Amino acid sequence: MPTKSSNRPRLENGDRLTREEFHRRYCRRPDIKKAELIEGLVYVASPVGFDTHGEPQFAIVGWLFHYRARHPEVRGGDNATVLLDDSNEVQPDACLWHEAPGGPRLTADHYVEGPPQLVVEVAASSARRDLGPRREAYRRNGIQEYILWRVLEQDLAWFGLENGEYVRLEPDADGVIESIEFPGLRLNVAKLLAGDPAGLLEDLNSTGTNAVS
């Protein structure tokens with residue numbers, strides 16, 4: 001008699017699938033908590049560390065939530081399925097978006113379809129992937145801003161899409177980077193890396209060059 005596990009479709013690191021087939025298999029694997037299809041290749045997440053991923057992601061989500069509280073037209077979330085194209089179905093660590101012509105929308109199945117305007121990834125062991133195929137998938141699909149926090153390297157890179165290519169945005173004289181797509185979304189990189197949430201929110205709530213009242 002076949003066991004319950006034998007009826008589960010294969011979904012393993014390195015499988016090459018279409019997004020349609022990946023999505024079908026993933027929906028039938030509730031035992032897998034996070035899997036992504038990036039440039040047609042399956043990545044199944046490994047267990048994550050608290051201080052190398054969980055806590056940094058918590059900080060990013062809190063930062064974005066505080067911004068969203070002041071901008072109700074914006075939507076945000078973490079680890080939600082995003083349908084990009086036929087080769088990419090991802091679950092960003094965090095994203096911020098608003099509906100726009102040709103942009104992201106919420107499907108009847110409660111997924112985000114189309115590129116969010118901003119995505120954030122927190123990377124430890126996945127840093128090479130996040131700088132390679134993931135960044136290429138995000139760039140090609142027109143995600144306007146991509147933030148990559150490489151925790152072990154103590155480096156945060158904020159990329160903006162200019163003429164179809166990602167350009168790294170640099171902090172201003174106060175050590176702050178401000179979003180182009182979301183005016184007033186300000187990040188003091190040094191305070192984030194130092195684990196200073198109060199200072200982080202102080203800079204977020206201050207008036208920056210792109211802020212609107």
# chains A, B, ... in the order shown; residues from 1 in each chain; ligands from 1
$ select_by_dssp --residues "range 125-195 of chain A" --states "alpha helix (DSSP H)" --output "NGL selection string"
:A and (127-131 or 133-140 or 189-193)
$ closest_atom_pairs --of "range 4-27 of chain A" --to "range 86-108 of chain A" --cutoff "8 Å" --atoms "only C-alpha atoms" --output "Markdown table"
| residue | atom | partner | partner_atom | distance |
| --- | --- | --- | --- | --- |
| A:Leu17 | CA | A:Ser87 | CA | 7.7 |
| A:Thr18 | CA | A:Ser87 | CA | 5.8 |
| A:Arg19 | CA | A:Asp86 | CA | 5.1 |
| A:Glu20 | CA | A:Asp86 | CA | 7.3 |
| A:His23 | CA | A:Glu89 | CA | 7.9 |
$ write_last_selection --atoms "N, CA and C atoms" --output "CSV table (one decimal), in the first residue's frame"
chain,number,residue,atom,x,y,z
A,17,LEU,N,12.2,23.3,-13.7
A,17,LEU,CA,10.8,23.2,-13.9
A,17,LEU,C,10.3,24.5,-14.6
A,18,THR,N,9.1,24.4,-15.2
A,18,THR,CA,8.4,25.6,-15.6
A,18,THR,C,7.7,26.2,-14.3
A,19,ARG,N,7.3,27.4,-14.4
A,19,ARG,CA,6.6,28.0,-13.2
A,19,ARG,C,5.3,27.2,-12.9
A,20,GLU,N,4.6,26.9,-14.0
A,20,GLU,CA,3.3,26.2,-13.8
A,20,GLU,C,3.5,24.9,-13.1
A,23,HIS,N,4.7,25.4,-9.4
A,23,HIS,CA,3.6,25.8,-8.6
A,23,HIS,C,2.7,24.6,-8.2
$ residues_around --residues "range 188-194 of chain A" --least-positions-apart "3" --cutoff "7 Å" --atoms "only C-alpha atoms" --output "list in words"
Gln154, Gly175, Val176, Ile177, Pro197, Gly199, Leu200 and Asp203 of chain A
$ closest_atom_pairs --of "range 106-193 of chain A" --to "range 60-76 of chain A" --cutoff "12 Å" --atoms "only C-alpha atoms" --output "tab-separated table"
residue	atom	partner	partner_atom	distance
A:Leu106	CA	A:Arg75	CA	10.4
A:Val112	CA	A:Gly76	CA	10.6
A:Pro116	CA	A:Gly76	CA	9.3
A:Gln117	CA	A:Val74	CA	10.4
A:Leu118	CA	A:Gly76	CA	9.4
A:Val119	CA	A:Gly76	CA	9.6
A:Val120	CA	A:Ile60	CA	8.0
A:Glu121	CA	A:Ile60	CA	9.3
A:Val122	CA	A:Ile60	CA	8.7
A:Ile147	CA	A:Ile60	CA	10.2
A:Leu148	CA	A:Ile60	CA	10.9
A:Trp149	CA	A:Ile60	CA	9.6
A:Leu156	CA	A:Ile60	CA	11.6
A:Ser179	CA	A:Tyr67	CA	11.4
A:Glu181	CA	A:Val74	CA	11.0
A:Phe182	CA	A:Val74	CA	8.9
A:Pro183	CA	A:Tyr67	CA	10.0
A:Gly184	CA	A:Tyr67	CA	8.0
A:Leu185	CA	A:Tyr67	CA	6.5
A:Arg186	CA	A:Tyr67	CA	9.0
A:Leu187	CA	A:Trp63	CA	8.4
A:Asn188	CA	A:Trp63	CA	10.7
A:Val189	CA	A:Ile60	CA	11.3
A:Lys191	CA	A:Trp63	CA	11.9
A:Leu192	CA	A:Ile60	CA	8.6
A:Leu193	CA	A:Ile60	CA	11.0
$ closest_residue --among "A:Glu39, A:Asn163, A:Glu178, A:Glu170" --to "Asp130 in chain A" --atoms "only C-alpha atoms"
A:Glu39
$ closest_residue --among "A:Glu136, A:Val82, A:Cys27, A:Phe50" --to "Gly114 in chain A" --atoms "only C-alpha atoms"
A:Val82
$ select_by_dssp --residues "range 1-207 of chain A" --states "strand (DSSP E)" --output "VMD selection string"
chain A and resid 35 to 38 41 to 44 75 to 77 82 to 85 88 to 90 94 to 97 105 to 106 112 to 113 118 to 123 145 to 150 155 to 162 165 to 169 176 to 178 186 to 188
$ atom_distance --atom1 "CA of His53 in chain A" --atom2 "CA of Val151 in chain A"
7.6 Å
$ atom_distance --atom1 "CA of His110 in chain A" --atom2 "CA of Ile32 in chain A"
18.8 Å
$ closest_residue --among "A:Ile143, A:Leu152, A:Arg24, A:Tyr166" --to "Gly49 in chain A" --atoms "only C-alpha atoms"
A:Leu152
$ closest_residue --among "A:Ala173, A:Val167, A:Leu84, A:Ala123" --to "Leu37 in chain A" --atoms "only C-alpha atoms"
A:Leu84
$ closest_residue --among "A:Thr81, A:Asn7, A:Asn205, A:Asn13" --to "Arg29 in chain A" --atoms "only C-alpha atoms"
A:Asn7
$ closest_residue --among "A:Gly195, A:Glu12, A:Arg139, A:Ala45" --to "Phe58 in chain A" --atoms "only C-alpha atoms"
A:Gly195
$ residues_around --residues "Arg16 in chain A" --least-positions-apart "6" --cutoff "7 Å" --atoms "only C-alpha atoms" --output "list in words"
Gly40, Leu41 and Val42 of chain A
$ write_last_selection --atoms "N, CA and C atoms" --output "PDB file, in the first residue's frame"
ATOM      1  N   GLY A  40      14.155  29.322 -13.512  1.00  0.00           N
ATOM      2  CA  GLY A  40      13.841  27.958 -13.888  1.00  0.00           C
ATOM      3  C   GLY A  40      14.427  26.880 -13.010  1.00  0.00           C
ATOM      4  N   LEU A  41      15.152  27.263 -11.951  1.00  0.00           N
ATOM      5  CA  LEU A  41      15.816  26.305 -11.070  1.00  0.00           C
ATOM      6  C   LEU A  41      15.172  26.333  -9.684  1.00  0.00           C
ATOM      7  N   VAL A  42      14.920  25.158  -9.124  1.00  0.00           N
ATOM      8  CA  VAL A  42      14.261  25.056  -7.820  1.00  0.00           C
ATOM      9  C   VAL A  42      15.284  25.236  -6.697  1.00  0.00           C
TER      10      VAL A  42
END
$ atom_distance --atom1 "CA of Asp196 in chain A" --atom2 "CA of Leu169 in chain A"
21.5 Å
